[in-house]
file target-v6.tsv (TSV, C-alpha atoms)
chain	number	residue	atom	x	y	z
A	1	MET	CA	-6.87	-20.18	-69.60
A	2	SER	CA	-4.48	-17.31	-69.48
A	3	GLU	CA	-5.28	-13.95	-68.00
A	4	THR	CA	-4.91	-10.80	-70.01
A	5	THR	CA	-3.80	-7.47	-68.65
A	6	THR	CA	-3.42	-4.16	-70.40
A	7	ILE	CA	-0.40	-1.90	-70.29
A	8	ASN	CA	-1.66	1.62	-69.72
A	9	SER	CA	0.11	4.92	-70.15
A	10	PRO	CA	0.37	7.01	-66.99
A	11	MET	CA	0.58	10.19	-69.08
A	12	PRO	CA	-0.83	11.72	-72.25
A	13	GLY	CA	1.46	12.19	-75.24
A	14	VAL	CA	2.61	10.56	-78.45
A	15	PHE	CA	3.33	6.84	-78.38
A	16	TYR	CA	6.40	5.34	-80.08
A	17	ARG	CA	7.19	1.68	-80.56
A	18	ARG	CA	10.88	2.19	-81.40
A	19	PRO	CA	13.68	4.08	-79.67
A	20	ASP	CA	14.63	5.83	-82.91
A	21	PRO	CA	13.01	5.91	-86.39
A	22	ASP	CA	15.95	3.85	-87.76
A	23	GLU	CA	15.92	1.20	-85.06
A	24	GLU	CA	13.99	-1.99	-84.40
A	25	ARG	CA	10.76	-1.93	-82.45
A	26	PHE	CA	11.11	-2.64	-78.74
A	27	VAL	CA	8.77	-5.64	-78.97
A	28	GLU	CA	6.53	-7.34	-81.54
A	29	VAL	CA	3.16	-8.99	-81.10
A	30	GLY	CA	3.87	-12.55	-79.91
A	31	ASP	CA	7.06	-11.61	-78.04
A	32	GLN	CA	7.62	-12.67	-74.45
A	33	VAL	CA	8.33	-9.76	-72.13
A	34	GLU	CA	9.71	-9.62	-68.62
A	35	GLU	CA	8.23	-7.55	-65.81
A	36	GLY	CA	9.57	-4.01	-66.18
A	37	GLU	CA	10.64	-4.51	-69.81
A	38	ARG	CA	10.29	-1.45	-71.99
A	39	ILE	CA	7.61	-1.85	-74.66
A	40	GLY	CA	7.42	1.72	-75.92
A	41	LEU	CA	7.95	5.40	-75.27
A	42	VAL	CA	5.60	8.28	-74.66
A	43	GLU	CA	6.71	11.76	-75.64
A	44	VAL	CA	5.37	14.67	-73.65
A	45	MET	CA	6.90	17.98	-72.52
A	46	LYS	CA	9.90	17.44	-74.85
A	47	ASN	CA	10.91	14.26	-73.02
A	48	PHE	CA	10.49	10.56	-73.69
A	49	HIS	CA	9.21	8.31	-70.93
A	50	ASP	CA	9.50	4.53	-70.86
A	51	ILE	CA	6.36	2.43	-70.91
A	52	GLU	CA	7.09	-0.81	-69.11
A	53	ALA	CA	5.29	-4.13	-68.84
A	54	PRO	CA	3.71	-4.33	-65.36
A	55	GLU	CA	4.26	-8.11	-65.34
A	56	ALA	CA	5.79	-10.86	-67.46
A	57	GLY	CA	3.73	-12.21	-70.36
A	58	THR	CA	3.20	-12.42	-74.08
A	59	VAL	CA	2.29	-9.34	-76.08
A	60	VAL	CA	-1.05	-10.19	-77.71
A	61	GLU	CA	-1.99	-6.92	-79.31
A	62	PHE	CA	-1.08	-3.25	-79.60
A	63	LEU	CA	-4.08	-0.98	-79.13
A	64	VAL	CA	-2.28	2.18	-80.24
A	65	GLU	CA	-0.33	2.68	-83.47
A	66	ASN	CA	3.22	3.96	-83.59
A	67	GLU	CA	3.12	7.77	-83.26
A	68	GLY	CA	-0.50	7.55	-82.13
A	69	GLU	CA	-1.91	10.10	-79.72
A	70	ILE	CA	-2.71	8.77	-76.28
A	71	GLU	CA	-4.42	10.07	-73.18
A	72	ALA	CA	-3.51	9.37	-69.57
A	73	ASP	CA	-4.58	5.86	-68.49
A	74	GLN	CA	-5.23	4.77	-72.09
A	75	ALA	CA	-4.49	1.08	-72.76
A	76	ILE	CA	-1.54	0.72	-75.12
A	77	ALA	CA	-1.13	-3.04	-75.40
A	78	ARG	CA	-2.54	-6.31	-74.13
A	79	LEU	CA	-0.45	-8.94	-72.37
A	80	GLU	CA	-1.37	-12.56	-71.77
B	1	MET	CA	12.21	15.21	-43.91
B	2	ILE	CA	10.69	13.66	-47.00
B	3	GLU	CA	12.74	11.07	-48.86
B	4	ILE	CA	11.86	10.80	-52.54
B	5	HIS	CA	11.83	7.39	-54.26
B	6	GLU	CA	10.24	8.13	-57.62
B	7	GLY	CA	10.26	11.73	-58.78
B	8	GLY	CA	7.51	11.35	-61.38
B	9	ILE	CA	8.09	12.93	-64.78
B	10	SER	CA	8.44	16.55	-63.72
B	11	SER	CA	8.13	17.37	-60.03
B	12	THR	CA	9.59	20.62	-58.74
B	13	VAL	CA	9.49	22.70	-55.58
B	14	GLN	CA	7.46	25.88	-56.21
B	15	ASP	CA	6.06	28.82	-54.28
B	16	LEU	CA	4.20	31.84	-55.65
B	17	GLY	CA	7.15	32.87	-57.75
B	18	ARG	CA	10.28	34.95	-58.08
B	19	SER	CA	8.63	38.24	-58.92
B	20	GLY	CA	10.47	41.53	-59.30
B	21	ASN	CA	13.26	40.32	-61.58
B	22	TYR	CA	11.51	40.35	-64.95
B	23	HIS	CA	13.51	43.37	-66.13
B	24	ILE	CA	16.73	41.36	-65.98
B	25	GLY	CA	15.20	38.54	-68.00
B	26	MET	CA	14.24	36.35	-65.03
B	27	PRO	CA	10.76	34.83	-65.37
B	28	PRO	CA	8.73	34.39	-62.18
B	29	SER	CA	8.57	30.56	-62.14
B	30	GLY	CA	6.30	29.54	-59.25
B	31	ALA	CA	3.27	27.26	-59.15
B	32	MET	CA	1.59	26.90	-62.56
B	33	ASP	CA	-1.79	26.63	-60.82
B	34	SER	CA	-1.45	29.16	-58.01
B	35	TYR	CA	-5.02	28.49	-56.81
B	36	ALA	CA	-4.37	24.78	-56.14
B	37	HIS	CA	-0.96	25.60	-54.62
B	38	THR	CA	-2.45	28.24	-52.30
B	39	VAL	CA	-5.35	26.06	-51.17
B	40	ALA	CA	-2.92	23.20	-50.41
B	41	ASN	CA	-0.99	25.57	-48.15
B	42	TYR	CA	-4.11	26.84	-46.41
B	43	LEU	CA	-5.24	23.27	-45.72
B	44	VAL	CA	-2.07	22.64	-43.72
B	45	GLY	CA	-2.04	26.05	-42.01
B	46	ASN	CA	0.74	27.61	-44.12
B	47	GLU	CA	0.90	31.04	-45.68
B	48	ALA	CA	0.02	31.04	-49.41
B	49	ASP	CA	3.66	31.50	-50.40
B	50	ALA	CA	5.11	28.45	-48.60
B	51	ALA	CA	6.90	26.05	-50.97
B	52	THR	CA	4.97	23.00	-52.20
B	53	ILE	CA	5.88	20.17	-54.58
B	54	GLU	CA	4.31	20.60	-58.01
B	55	MET	CA	3.88	17.26	-59.81
B	56	THR	CA	3.08	17.06	-63.53
B	57	TYR	CA	1.03	14.15	-64.92
B	58	GLN	CA	2.64	11.70	-62.52
B	59	GLY	CA	3.17	12.01	-58.78
B	60	ILE	CA	6.03	11.12	-56.49
B	61	THR	CA	6.51	8.19	-54.19
B	62	ALA	CA	8.26	9.03	-50.95
B	63	THR	CA	8.86	8.03	-47.36
B	64	VAL	CA	7.92	10.61	-44.77
B	65	ARG	CA	10.71	10.58	-42.17
B	66	GLU	CA	8.92	12.62	-39.49
B	67	ASP	CA	5.34	13.15	-38.35
B	68	ALA	CA	3.75	15.73	-40.61
B	69	VAL	CA	0.49	17.24	-41.80
B	70	ILE	CA	-0.02	17.23	-45.56
B	71	ALA	CA	-2.56	18.06	-48.27
B	72	VAL	CA	-2.67	17.17	-51.97
B	73	THR	CA	-4.63	19.46	-54.30
B	74	GLY	CA	-4.91	20.15	-58.03
B	75	ALA	CA	-5.11	17.34	-60.58
B	76	ASP	CA	-6.57	14.13	-59.15
B	77	MET	CA	-3.58	11.78	-58.77
B	78	SER	CA	-5.18	9.21	-56.44
B	79	PRO	CA	-2.81	9.80	-53.50
B	80	SER	CA	-2.34	7.10	-50.87
B	81	VAL	CA	-0.53	6.57	-47.57
B	82	ASN	CA	0.76	3.04	-46.91
B	83	GLY	CA	-1.51	1.87	-49.72
B	84	ASP	CA	-4.68	3.39	-48.26
B	85	PRO	CA	-6.26	6.10	-50.42
B	86	ILE	CA	-6.38	9.60	-48.97
B	87	GLY	CA	-8.62	12.39	-50.21
B	88	MET	CA	-7.60	15.21	-52.52
B	89	TRP	CA	-8.20	18.75	-51.13
B	90	GLU	CA	-8.08	17.38	-47.59
B	91	THR	CA	-5.80	17.78	-44.55
B	92	VAL	CA	-4.12	14.49	-43.65
B	93	ALA	CA	-1.77	13.49	-40.80
B	94	VAL	CA	1.16	11.23	-41.65
B	95	GLU	CA	3.64	9.57	-39.31
B	96	ALA	CA	7.35	8.99	-39.54
B	97	GLY	CA	7.91	5.96	-41.78
B	98	ASP	CA	4.71	6.34	-43.78
B	99	GLU	CA	4.92	5.64	-47.51
B	100	LEU	CA	3.31	8.30	-49.62
B	101	ALA	CA	2.37	7.32	-53.19
B	102	ILE	CA	0.87	9.79	-55.60
B	103	SER	CA	-0.23	8.14	-58.83
B	104	PHE	CA	-0.97	9.71	-62.22
B	105	ALA	CA	-3.39	12.46	-63.19
B	106	THR	CA	-6.84	11.38	-64.29
B	107	ASP	CA	-8.39	14.87	-64.19
B	108	GLY	CA	-6.07	17.86	-64.71
B	109	ALA	CA	-2.33	17.88	-65.21
B	110	ARG	CA	-0.68	19.22	-62.04
B	111	ALA	CA	-1.04	18.32	-58.38
B	112	TYR	CA	0.44	20.09	-55.35
B	113	LEU	CA	1.74	18.49	-52.17
B	114	ALA	CA	1.84	20.91	-49.25
B	115	VAL	CA	3.41	20.07	-45.88
B	116	ALA	CA	2.76	22.06	-42.71
B	117	GLY	CA	5.83	24.26	-42.29
B	118	GLY	CA	6.53	24.25	-46.03
B	119	ILE	CA	9.21	22.49	-48.06
B	120	ASP	CA	12.45	23.95	-46.70
B	121	VAL	CA	14.74	24.80	-49.61
B	122	PRO	CA	17.02	27.86	-49.89
B	123	ASN	CA	15.60	31.18	-50.90
B	124	VAL	CA	17.15	32.33	-54.20
B	125	MET	CA	16.46	35.92	-55.33
B	126	GLY	CA	13.40	36.12	-53.11
B	127	SER	CA	11.79	32.77	-53.91
B	128	GLN	CA	12.07	29.04	-53.30
B	129	SER	CA	10.69	28.24	-56.76
B	130	THR	CA	12.64	25.97	-59.07
B	131	TYR	CA	13.65	27.43	-62.43
B	132	THR	CA	15.06	24.36	-64.14
B	133	LEU	CA	16.18	26.04	-67.37
B	134	VAL	CA	19.00	27.81	-65.53
B	135	GLY	CA	19.13	25.42	-62.58
B	136	ILE	CA	18.30	27.72	-59.68
B	137	GLY	CA	15.89	27.56	-56.74
B	138	GLY	CA	13.95	24.60	-55.40
B	139	HIS	CA	15.93	21.45	-54.73
B	140	GLU	CA	19.29	21.93	-56.48
B	141	GLY	CA	17.55	23.82	-59.27
B	142	ARG	CA	16.07	20.67	-60.82
B	143	GLY	CA	13.22	18.20	-60.82
B	144	LEU	CA	13.01	15.69	-57.97
B	145	GLU	CA	14.74	12.31	-58.30
B	146	ASP	CA	15.17	9.06	-56.42
B	147	GLY	CA	17.15	9.63	-53.24
B	148	ASP	CA	16.44	13.35	-52.84
B	149	ARG	CA	15.80	14.41	-49.26
B	150	LEU	CA	13.65	17.45	-48.66
B	151	ALA	CA	13.58	19.14	-45.27
B	152	ILE	CA	10.28	20.29	-43.83
B	153	GLY	CA	10.20	23.88	-42.56
B	154	ASN	CA	9.92	24.67	-38.88
B	155	GLY	CA	6.79	26.74	-39.30
B	156	ASP	CA	8.16	30.24	-40.00
B	157	GLY	CA	5.64	30.51	-42.79
B	158	VAL	CA	2.71	29.21	-40.78
B	159	SER	CA	-0.46	31.25	-41.13
B	160	SER	CA	-1.81	33.26	-38.24
B	161	ALA	CA	-5.27	33.66	-39.81
B	162	GLY	CA	-7.98	33.97	-37.20
B	163	GLY	CA	-5.73	35.90	-34.82
B	164	GLU	CA	-4.02	32.95	-33.20
B	165	THR	CA	-1.16	30.78	-34.33
B	166	ALA	CA	-2.46	27.81	-36.29
B	167	SER	CA	-1.70	24.34	-35.08
B	168	PRO	CA	-1.63	22.16	-38.21
B	169	GLU	CA	-2.64	19.05	-36.21
B	170	GLU	CA	-5.96	20.71	-35.44
B	171	LEU	CA	-6.65	21.05	-39.16
B	172	VAL	CA	-6.41	17.29	-39.80
B	173	GLY	CA	-9.61	16.02	-41.37
B	174	THR	CA	-10.49	19.36	-42.97
B	175	GLU	CA	-12.05	18.86	-46.41
B	176	LEU	CA	-12.30	21.76	-48.81
B	177	ALA	CA	-15.97	22.65	-49.44
B	178	GLU	CA	-17.20	21.15	-52.72
B	179	GLU	CA	-17.96	24.57	-54.22
B	180	TYR	CA	-14.24	25.43	-54.15
B	181	VAL	CA	-12.98	22.24	-55.82
B	182	PRO	CA	-12.38	22.86	-59.54
B	183	ASP	CA	-13.58	20.40	-62.18
B	184	TYR	CA	-10.72	20.66	-64.65
B	185	ALA	CA	-12.42	18.54	-67.30
B	186	GLU	CA	-15.21	21.12	-67.52
B	187	GLU	CA	-12.95	24.13	-67.87
B	188	ASP	CA	-12.16	24.27	-71.58
B	189	SER	CA	-12.26	28.01	-72.06
B	190	VAL	CA	-9.75	30.53	-70.78
B	191	ARG	CA	-10.16	34.29	-70.91
B	192	ILE	CA	-7.69	36.43	-72.81
B	193	VAL	CA	-7.15	40.14	-73.29
B	194	LEU	CA	-6.26	40.90	-76.93
B	195	GLY	CA	-2.98	42.77	-77.49
B	196	LEU	CA	-0.34	44.10	-77.08
B	197	THR	CA	0.23	43.69	-80.81
B	198	ASP	CA	-3.02	42.21	-82.10
B	199	TYR	CA	-3.09	45.07	-84.66
B	200	ARG	CA	-0.74	42.81	-86.63
B	201	LEU	CA	-3.53	40.23	-87.13
B	202	THR	CA	-6.10	40.35	-89.90
B	203	ASP	CA	-9.72	40.64	-88.71
B	204	ASP	CA	-10.27	37.05	-89.83
B	205	ALA	CA	-7.29	35.92	-87.79
B	206	LYS	CA	-8.63	37.58	-84.63
B	207	GLU	CA	-11.90	35.70	-85.15
B	208	THR	CA	-10.03	32.45	-85.76
B	209	LEU	CA	-8.00	32.96	-82.59
B	210	CYS	CA	-11.17	33.25	-80.50
B	211	ASP	CA	-13.44	30.78	-82.38
B	212	THR	CA	-11.11	27.80	-82.51
B	213	GLU	CA	-10.99	24.81	-80.22
B	214	TRP	CA	-7.20	24.74	-79.92
B	215	LYS	CA	-5.59	21.42	-79.11
B	216	VAL	CA	-2.82	21.29	-76.50
B	217	SER	CA	0.25	19.73	-78.16
B	218	PRO	CA	2.72	17.38	-76.43
B	219	GLU	CA	4.99	20.43	-76.22
B	220	ALA	CA	3.21	22.01	-73.29
B	221	ASP	CA	5.25	22.54	-70.16
B	222	ARG	CA	6.23	25.14	-67.57
B	223	THR	CA	7.83	27.28	-70.28
B	224	GLY	CA	5.00	27.39	-72.79
B	225	TYR	CA	1.89	25.70	-74.12
B	226	ARG	CA	2.15	25.10	-77.84
B	227	LEU	CA	-1.30	24.74	-79.39
B	228	GLU	CA	-2.40	23.04	-82.61
B	229	GLY	CA	-5.08	24.40	-84.91
B	230	PRO	CA	-5.65	26.54	-88.01
B	231	ASP	CA	-3.18	29.06	-89.41
B	232	ILE	CA	-3.28	32.60	-88.05
B	233	GLU	CA	-2.72	35.24	-90.74
B	234	PHE	CA	-0.83	38.45	-90.13
B	235	LYS	CA	-1.43	41.65	-92.09
B	236	GLU	CA	0.96	42.52	-94.91
B	237	ARG	CA	3.43	45.14	-93.87
B	238	GLU	CA	6.77	46.69	-94.67
B	239	GLN	CA	9.41	45.18	-92.39
B	240	PRO	CA	10.18	47.80	-89.73
B	241	PHE	CA	13.78	48.62	-88.85
B	242	GLY	CA	14.78	46.31	-86.00
B	243	ALA	CA	12.11	43.66	-86.64
B	244	GLY	CA	12.66	40.19	-88.12
B	245	PRO	CA	11.44	39.29	-91.61
B	246	ASN	CA	8.63	36.91	-90.56
B	247	PRO	CA	5.19	38.57	-90.56
B	248	SER	CA	4.85	37.54	-86.89
B	249	ASN	CA	7.98	39.55	-85.99
B	250	VAL	CA	7.84	42.97	-84.41
B	251	VAL	CA	10.51	45.18	-82.86
B	252	ASP	CA	11.42	43.49	-79.54
B	253	LEU	CA	9.02	43.94	-76.67
B	254	GLY	CA	8.59	42.58	-73.15
B	255	TYR	CA	6.34	39.50	-73.17
B	256	PRO	CA	3.55	39.54	-70.59
B	257	VAL	CA	3.39	36.27	-68.60
B	258	GLY	CA	0.55	34.34	-70.24
B	259	SER	CA	0.99	36.11	-73.58
B	260	ILE	CA	0.22	34.32	-76.82
B	261	GLN	CA	2.72	34.52	-79.65
B	262	VAL	CA	2.27	32.94	-83.05
B	263	PRO	CA	5.63	32.05	-84.60
B	264	GLN	CA	3.75	29.34	-86.54
B	265	LYS	CA	1.10	27.96	-84.25
B	266	PRO	CA	0.16	29.76	-81.02
B	267	ILE	CA	2.36	29.38	-77.95
B	268	VAL	CA	1.12	30.61	-74.57
B	269	LEU	CA	4.06	31.68	-72.43
B	270	MET	CA	3.90	30.24	-68.92
B	271	GLN	CA	5.79	30.69	-65.64
B	272	ASP	CA	9.29	29.77	-66.87
B	273	ALA	CA	9.13	31.52	-70.25
B	274	VAL	CA	11.47	33.95	-71.92
B	275	THR	CA	10.66	37.52	-70.82
B	276	GLY	CA	10.91	39.37	-74.11
B	277	GLY	CA	11.68	39.12	-77.79
B	278	GLY	CA	10.58	39.88	-81.30
B	279	TYR	CA	7.32	37.97	-81.76
B	280	ALA	CA	4.00	39.77	-81.79
B	281	THR	CA	2.04	38.94	-78.63
B	282	VAL	CA	-1.51	38.90	-79.97
B	283	GLY	CA	-3.23	38.29	-76.64
B	284	THR	CA	-2.59	37.41	-72.99
B	285	VAL	CA	-4.31	34.74	-70.90
B	286	ILE	CA	-5.63	36.51	-67.79
B	287	SER	CA	-3.73	35.63	-64.62
B	288	VAL	CA	-6.64	33.80	-62.96
B	289	ASP	CA	-7.11	31.49	-65.96
B	290	ARG	CA	-3.42	30.64	-66.42
B	291	GLY	CA	-3.89	28.03	-63.72
B	292	LEU	CA	-6.79	26.48	-65.63
B	293	LEU	CA	-4.72	26.30	-68.82
B	294	ALA	CA	-1.92	24.67	-66.79
B	295	GLN	CA	-4.39	21.91	-65.88
B	296	ARG	CA	-5.29	21.10	-69.52
B	297	GLN	CA	-3.67	17.83	-70.50
B	298	THR	CA	-1.88	17.32	-73.80
B	299	HIS	CA	-4.41	16.53	-76.59
B	300	LYS	CA	-7.26	18.24	-74.72
B	301	THR	CA	-8.77	21.34	-76.25
B	302	VAL	CA	-8.90	24.92	-75.07
B	303	ALA	CA	-10.78	27.94	-76.43
B	304	PHE	CA	-9.95	31.63	-75.95
B	305	ASP	CA	-12.65	33.96	-74.71
B	306	ALA	CA	-11.71	37.64	-75.28
B	307	VAL	CA	-12.46	39.99	-72.38
B	308	ASP	CA	-11.33	43.52	-71.52
B	309	VAL	CA	-8.76	44.52	-68.91
B	310	GLU	CA	-11.49	45.55	-66.40
B	311	ALA	CA	-12.98	42.04	-66.59
B	312	ALA	CA	-9.52	40.53	-66.07
B	313	ILE	CA	-8.88	42.68	-62.99
B	314	SER	CA	-12.34	41.94	-61.65
B	315	ALA	CA	-11.73	38.18	-62.11
B	316	ARG	CA	-8.50	38.55	-60.15
B	317	GLU	CA	-10.31	40.37	-57.32
B	318	GLN	CA	-12.94	37.63	-57.21
B	319	GLN	CA	-10.22	34.99	-57.06
B	320	THR	CA	-8.53	36.84	-54.19
B	321	GLU	CA	-11.84	37.05	-52.30
B	322	ARG	CA	-12.48	33.36	-52.94
B	323	LEU	CA	-9.08	32.44	-51.52
B	324	GLU	CA	-9.65	34.70	-48.49
B	325	ALA	CA	-12.99	32.98	-47.90
B	326	ILE	CA	-11.30	29.57	-48.15
B	327	GLU	CA	-8.56	30.60	-45.72
B	328	ALA	CA	-11.15	31.88	-43.25
B	329	GLU	CA	-13.32	28.75	-43.56
B	330	ILE	CA	-10.34	26.46	-43.00
B	331	ALA	CA	-9.23	28.54	-39.99
B	332	GLY	CA	-12.80	28.27	-38.69
B	333	GLU	CA	-12.52	24.48	-38.72
B	334	ARG	CA	-10.10	24.59	-35.84
call {"tool": "encode", "arguments": {"input": "target-v6.tsv", "output": "C-alpha cells"}}
result
Amino acid sequence: MSETTTINSPMPGVFYRRPDPDEERFVEVGDQVEEGERIGLVEVMKNFHDIEAPEAGTVVEFLVENEGEIEADQAIARLE
Amino acid sequence: MIEIHEGGISSTVQDLGRSGNYHIGMPPSGAMDSYAHTVANYLVGNEADAATIEMTYQGITATVREDAVIAVTGADMSPSVNGDPIGMWETVAVEAGDELAISFATDGARAYLAVAGGIDVPNVMGSQSTYTLVGIGGHEGRGLEDGDRLAIGNGDGVSSAGGETASPEELVGTELAEEYVPDYAEEDSVRIVLGLTDYRLTDDAKETLCDTEWKVSPEADRTGYRLEGPDIEFKEREQPFGAGPNPSNVVDLGYPVGSIQVPQKPIVLMQDAVTGGGYATVGTVISVDRGLLAQRQTHKTVAFDAVDVEAAISAREQQTERLEAIEAEIAGER
C-alpha cells in the first residue's frame, strides 16, 4: 500500500499548471516528482509563487483545474 | 537581532505610517491593519507606533539572536517557537537561538510580529514604514528575504502607560481578552462614506455599489484592492475641460486613503496608493474598517455599508477608546 498526501496551497489566488500559456505543464498525472519540485504556480498580489511537492512521489490527481480559483490551504493535487 | 530565513510572500516592516507628506504625492504606507499592529505593540509594552513586521498570507521563519519578548497578532498564521505552537494575541518570551516559524493565514490575510523595543530600522521622512514601490523605509525599502538581519530597538519607544516604565518581561503570558480578538471570517461588511464624486454615478449604480457582495480579486495588495462584481454605470455628461474621456474620469483630485474608484471594476486605494488623479472617487472606506478590508483574503467577498461622516468619526473614537482600554488592561497585567 502506498500513502497519499495532498499538496496544499499556502495562499489564495489563481492556480496555473504551466509557467507560461505557450509552455508545457510542469507535471502531468502519473509523473514522478522529487521533494521540492515545482508542480504549479499561484498568482496573487501581481506575483507568481511556486507550489512545490512536500515530498517525492507520483502525481495521482489534480484537484484544481488550470486557472482555477483556490483558497489558502486548499488541496491542489494528490501524491502517492 | 532577528535573522530571517524565509521572508514569506510579502513581509515588510511597518509602523503607523508616514503621514504629513500626502501633498507631495507620498502615501502614508504603514500597517494595513493598524488595530492588529497596535495591539501587538501593546502586548510587548511598546508604543503604538513602534515598527512591527507585517506578513501577508504567509509568515516568516527566523532565528532570534537575542532574548526577546514578542507577540503575533492579526491573521491566524499558527506561529511556533522551536516547533512548539505559541498563541496569537499573546505575549511570549523567546531566547537567543530560538527558531520562530510563522505559517500561512487560515483566518485573515495579514499578521503582525511585534518585538519589545520595536524593529530598529532607519526613520525616513518621519516613519519606519516600508514603501516598496519607491524603495524607501523599512529594511532597505523592500520586502524581507532570506539572510536579512533586523536589529531590535533598545526600548526608546517603550510605553510608559500606568505611570511607570514597562518591563516587557513582566508582560509575558498576557493574553488579549477574547472580546478584543477580531473574527475576520465574520467581518464581510465595511462601512463607506459616499463621495467625493458620487454625483457621477446613476442612482442605480449607487444602489449596486452598496447592495453587491463584491469579490476580492487576486490583485489586492498594499496599493489597492481590486474587486470583482457587476458594472457600475456613470451618468452621461459632456467631457469637462481637463478631464479624461472615460465616463469615470473627472478633473484631477486628491484621492482620500481608502477611496473607491471605478476605472472598470472598483478599486479601493490602500496604504501605498497613488495620492491623486483623474478617476471619480465614488466613496471612501472609513479608516476603522480599512483594517478589516485588509484582512479579507482574495476570493472572499465584501459588502459596502454606506454611513455618514459623523458615524465614521464616531467609529474612529470608539476604536481609539477600545485601544486605550486594551493598553490599560495589558498594563494592569503587570
call {"tool": "closest_atom_pairs", "arguments": {"input": "target-v6.tsv", "of": "chain B", "to": "chain A", "cutoff": "12 Å", "atoms": "only C-alpha atoms", "output": "tab-separated table"}}
result
residue	atom	partner	partner_atom	distance
B:Gly8	CA	A:Pro10	CA	10.1
B:Ile9	CA	A:His49	CA	7.8
B:Ser10	CA	A:Met45	CA	9.0
B:Thr56	CA	A:Met11	CA	9.2
B:Tyr57	CA	A:Met11	CA	5.8
B:Gln58	CA	A:Pro10	CA	6.9
B:Gly59	CA	A:Pro10	CA	10.0
B:Asp76	CA	A:Ala72	CA	11.9
B:Met77	CA	A:Pro10	CA	10.3
B:Ile102	CA	A:Pro10	CA	11.7
B:Ser103	CA	A:Pro10	CA	8.3
B:Phe104	CA	A:Pro10	CA	5.6
B:Ala105	CA	A:Ala72	CA	7.1
B:Thr106	CA	A:Ala72	CA	6.6
B:Asp107	CA	A:Ala72	CA	9.1
B:Gly108	CA	A:Ala72	CA	10.1
B:Ala109	CA	A:Met11	CA	9.1
B:Arg110	CA	A:Met11	CA	11.5
B:Lys215	CA	A:Glu69	CA	11.9
B:Val216	CA	A:Gly13	CA	10.1
B:Ser217	CA	A:Gly13	CA	8.2
B:Pro218	CA	A:Val44	CA	4.7
B:Glu219	CA	A:Met45	CA	4.8
B:Ala220	CA	A:Met45	CA	5.5
B:Asp221	CA	A:Met45	CA	5.4
B:Arg222	CA	A:Met45	CA	8.7
B:Thr223	CA	A:Met45	CA	9.6
B:Gly224	CA	A:Met45	CA	9.6
B:Tyr225	CA	A:Met45	CA	9.3
B:Arg226	CA	A:Met45	CA	10.1
B:Arg296	CA	A:Pro12	CA	10.7
B:Gln297	CA	A:Pro12	CA	7.0
B:Thr298	CA	A:Pro12	CA	5.9
B:His299	CA	A:Glu71	CA	7.3
B:Lys300	CA	A:Glu71	CA	8.8
call {"tool": "atom_distance", "arguments": {"input": "target-v6.tsv", "atom1": "atom CA of B:Asp120", "atom2": "atom CA of B:Ala177"}}
result
28.6 Å
call {"tool": "closest_residue", "arguments": {"input": "target-v6.tsv", "among": "B:Ser259, B:Ser78, B:Ser129, B:Ser34", "to": "B:Val13", "atoms": "all atoms listed in the file"}}
result
B:Ser129
call {"tool": "residues_around", "arguments": {"input": "target-v6.tsv", "residues": "A:Thr5", "least_positions_apart": "3", "cutoff": "9 Å", "atoms": "all atoms listed in the file", "output": "PyMOL selection string"}}
result
chain A and resi 54-55+77-80
call {"tool": "write_last_selection", "arguments": {"input": "target-v6.tsv", "atoms": "C-alpha atoms", "output": "short mmCIF file (atom, residue, chain, number, x, y, z; two decimals), keeping the file's coordinate frame"}}
result
data_model
loop_
_atom_site.label_atom_id
_atom_site.label_comp_id
_atom_site.auth_asym_id
_atom_site.auth_seq_id
_atom_site.Cartn_x
_atom_site.Cartn_y
_atom_site.Cartn_z
CA PRO A 54 3.71 -4.33 -65.36
CA GLU A 55 4.26 -8.11 -65.34
CA ALA A 77 -1.13 -3.04 -75.40
CA ARG A 78 -2.54 -6.31 -74.13
CA LEU A 79 -0.45 -8.94 -72.37
CA GLU A 80 -1.37 -12.56 -71.77
#
call {"tool": "closest_residue", "arguments": {"input": "target-v6.tsv", "among": "A:Thr6, A:Glu52, A:Glu24, A:Tyr16", "to": "A:Glu67", "atoms": "all atoms listed in the file"}}
result
A:Tyr16
